[in-house]
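Structure first, then comments.
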Amino acid sequence: MSMKYFTITAPRDDYTGEMLGGIVFVHGVARVSFDDTRDENGECHTDYPVVQIGRSAVLYVQRQIAAGRAYKLVETDDHGTPLDPEQDEQETKPKRRAAKTPAA
């Protein structure tokens, strides 16, 4: 099985509450997991609602980051340690592209 774990950091470090599908943040941090292994029929546990919640939250945060919002998403091991230690320190907010100016 290929269980994936993620730590999601909200834009506000003081946020404690519920987000998308019942994911709970405490002091701006939530941990989610989901199984990403597919069987011979092409199905995986993420296709079932009970696990889909974690996957939905990850997809939602990825869209928020792409839109320039200050969420942070880090893939971790099952203990919460980042798989890529440098990723934990990197800015995950995408860089804005310079607007193209028409050629003169």
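In the structure tokens, chains take the letters A, B, ... in the order shown, each chain's residues start at 1, and ligands count up from 1 in the order shown.
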Contacts of Arg31 in chain A at 8 Å or less, counting only C-alpha atoms, minus same-chain residues fewer than 6 places along, as a PyMOL selection string? chain A and resi 5-8+80
Output file for the selection above: N, CA and C atoms, as a PDB file, in the first residue's frame:
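What follows is the written file again_21.pdb:
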```pdb
ATOM      1  N   TYR A   5       0.948  10.952   3.347  1.00  0.00           N
ATOM      2  CA  TYR A   5       0.641  11.818   4.474  1.00  0.00           C
ATOM      3  C   TYR A   5       1.033  13.244   4.119  1.00  0.00           C
ATOM      4  N   PHE A   6       0.240  14.209   4.562  1.00  0.00           N
ATOM      5  CA  PHE A   6       0.517  15.604   4.290  1.00  0.00           C
ATOM      6  C   PHE A   6       0.245  16.448   5.526  1.00  0.00           C
ATOM      7  N   THR A   7       1.026  17.505   5.666  1.00  0.00           N
ATOM      8  CA  THR A   7       0.740  18.540   6.650  1.00  0.00           C
ATOM      9  C   THR A   7       0.295  19.761   5.867  1.00  0.00           C
ATOM     10  N   ILE A   8      -0.854  20.308   6.255  1.00  0.00           N
ATOM     11  CA  ILE A   8      -1.386  21.509   5.622  1.00  0.00           C
ATOM     12  C   ILE A   8      -1.273  22.639   6.628  1.00  0.00           C
ATOM     13  N   GLY A  80       4.960  12.718  10.606  1.00  0.00           N
ATOM     14  CA  GLY A  80       4.862  14.147  10.373  1.00  0.00           C
ATOM     15  C   GLY A  80       6.166  14.811   9.976  1.00  0.00           C
TER      16      GLY A  80
END
```
Excluding Gly54 in chain A and its own-chain neighbours fewer than 2 positions away, which residues fall within 6 Å of it when counting only C-alpha atoms? Please give them as a compact mmCIF listing (two decimals) with N, CA and C atoms, in the first residue's frame.
```txt
# COMPACT_ATOMS: atom_id res chain seq x y z
N VAL A 32 -3.33 15.18 7.16
CA VAL A 32 -4.25 14.31 6.44
C VAL A 32 -3.47 13.15 5.83
N SER A 33 -4.19 12.09 5.50
CA SER A 33 -3.56 10.96 4.83
C SER A 33 -4.58 10.34 3.89
N PHE A 34 -4.06 9.64 2.89
CA PHE A 34 -4.92 8.85 2.01
C PHE A 34 -4.09 7.80 1.30
N GLN A 52 -11.55 9.75 1.05
CA GLN A 52 -11.55 10.83 0.09
C GLN A 52 -11.39 12.20 0.76
N SER A 56 -9.37 15.13 -0.85
CA SER A 56 -10.07 16.36 -1.25
C SER A 56 -9.41 17.58 -0.65
N ALA A 57 -9.00 17.49 0.61
CA ALA A 57 -8.33 18.62 1.26
C ALA A 57 -7.02 18.94 0.58
```
Under the rule that only C-alpha atoms are counted, which of A:Arg55, A:Arg69, A:Arg63, A:Lys4 is the nearest residue to Pro82 in chain A?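 Using only C-alpha atoms, the shortest distance to Pro82 in chain A belongs to A:Lys4.
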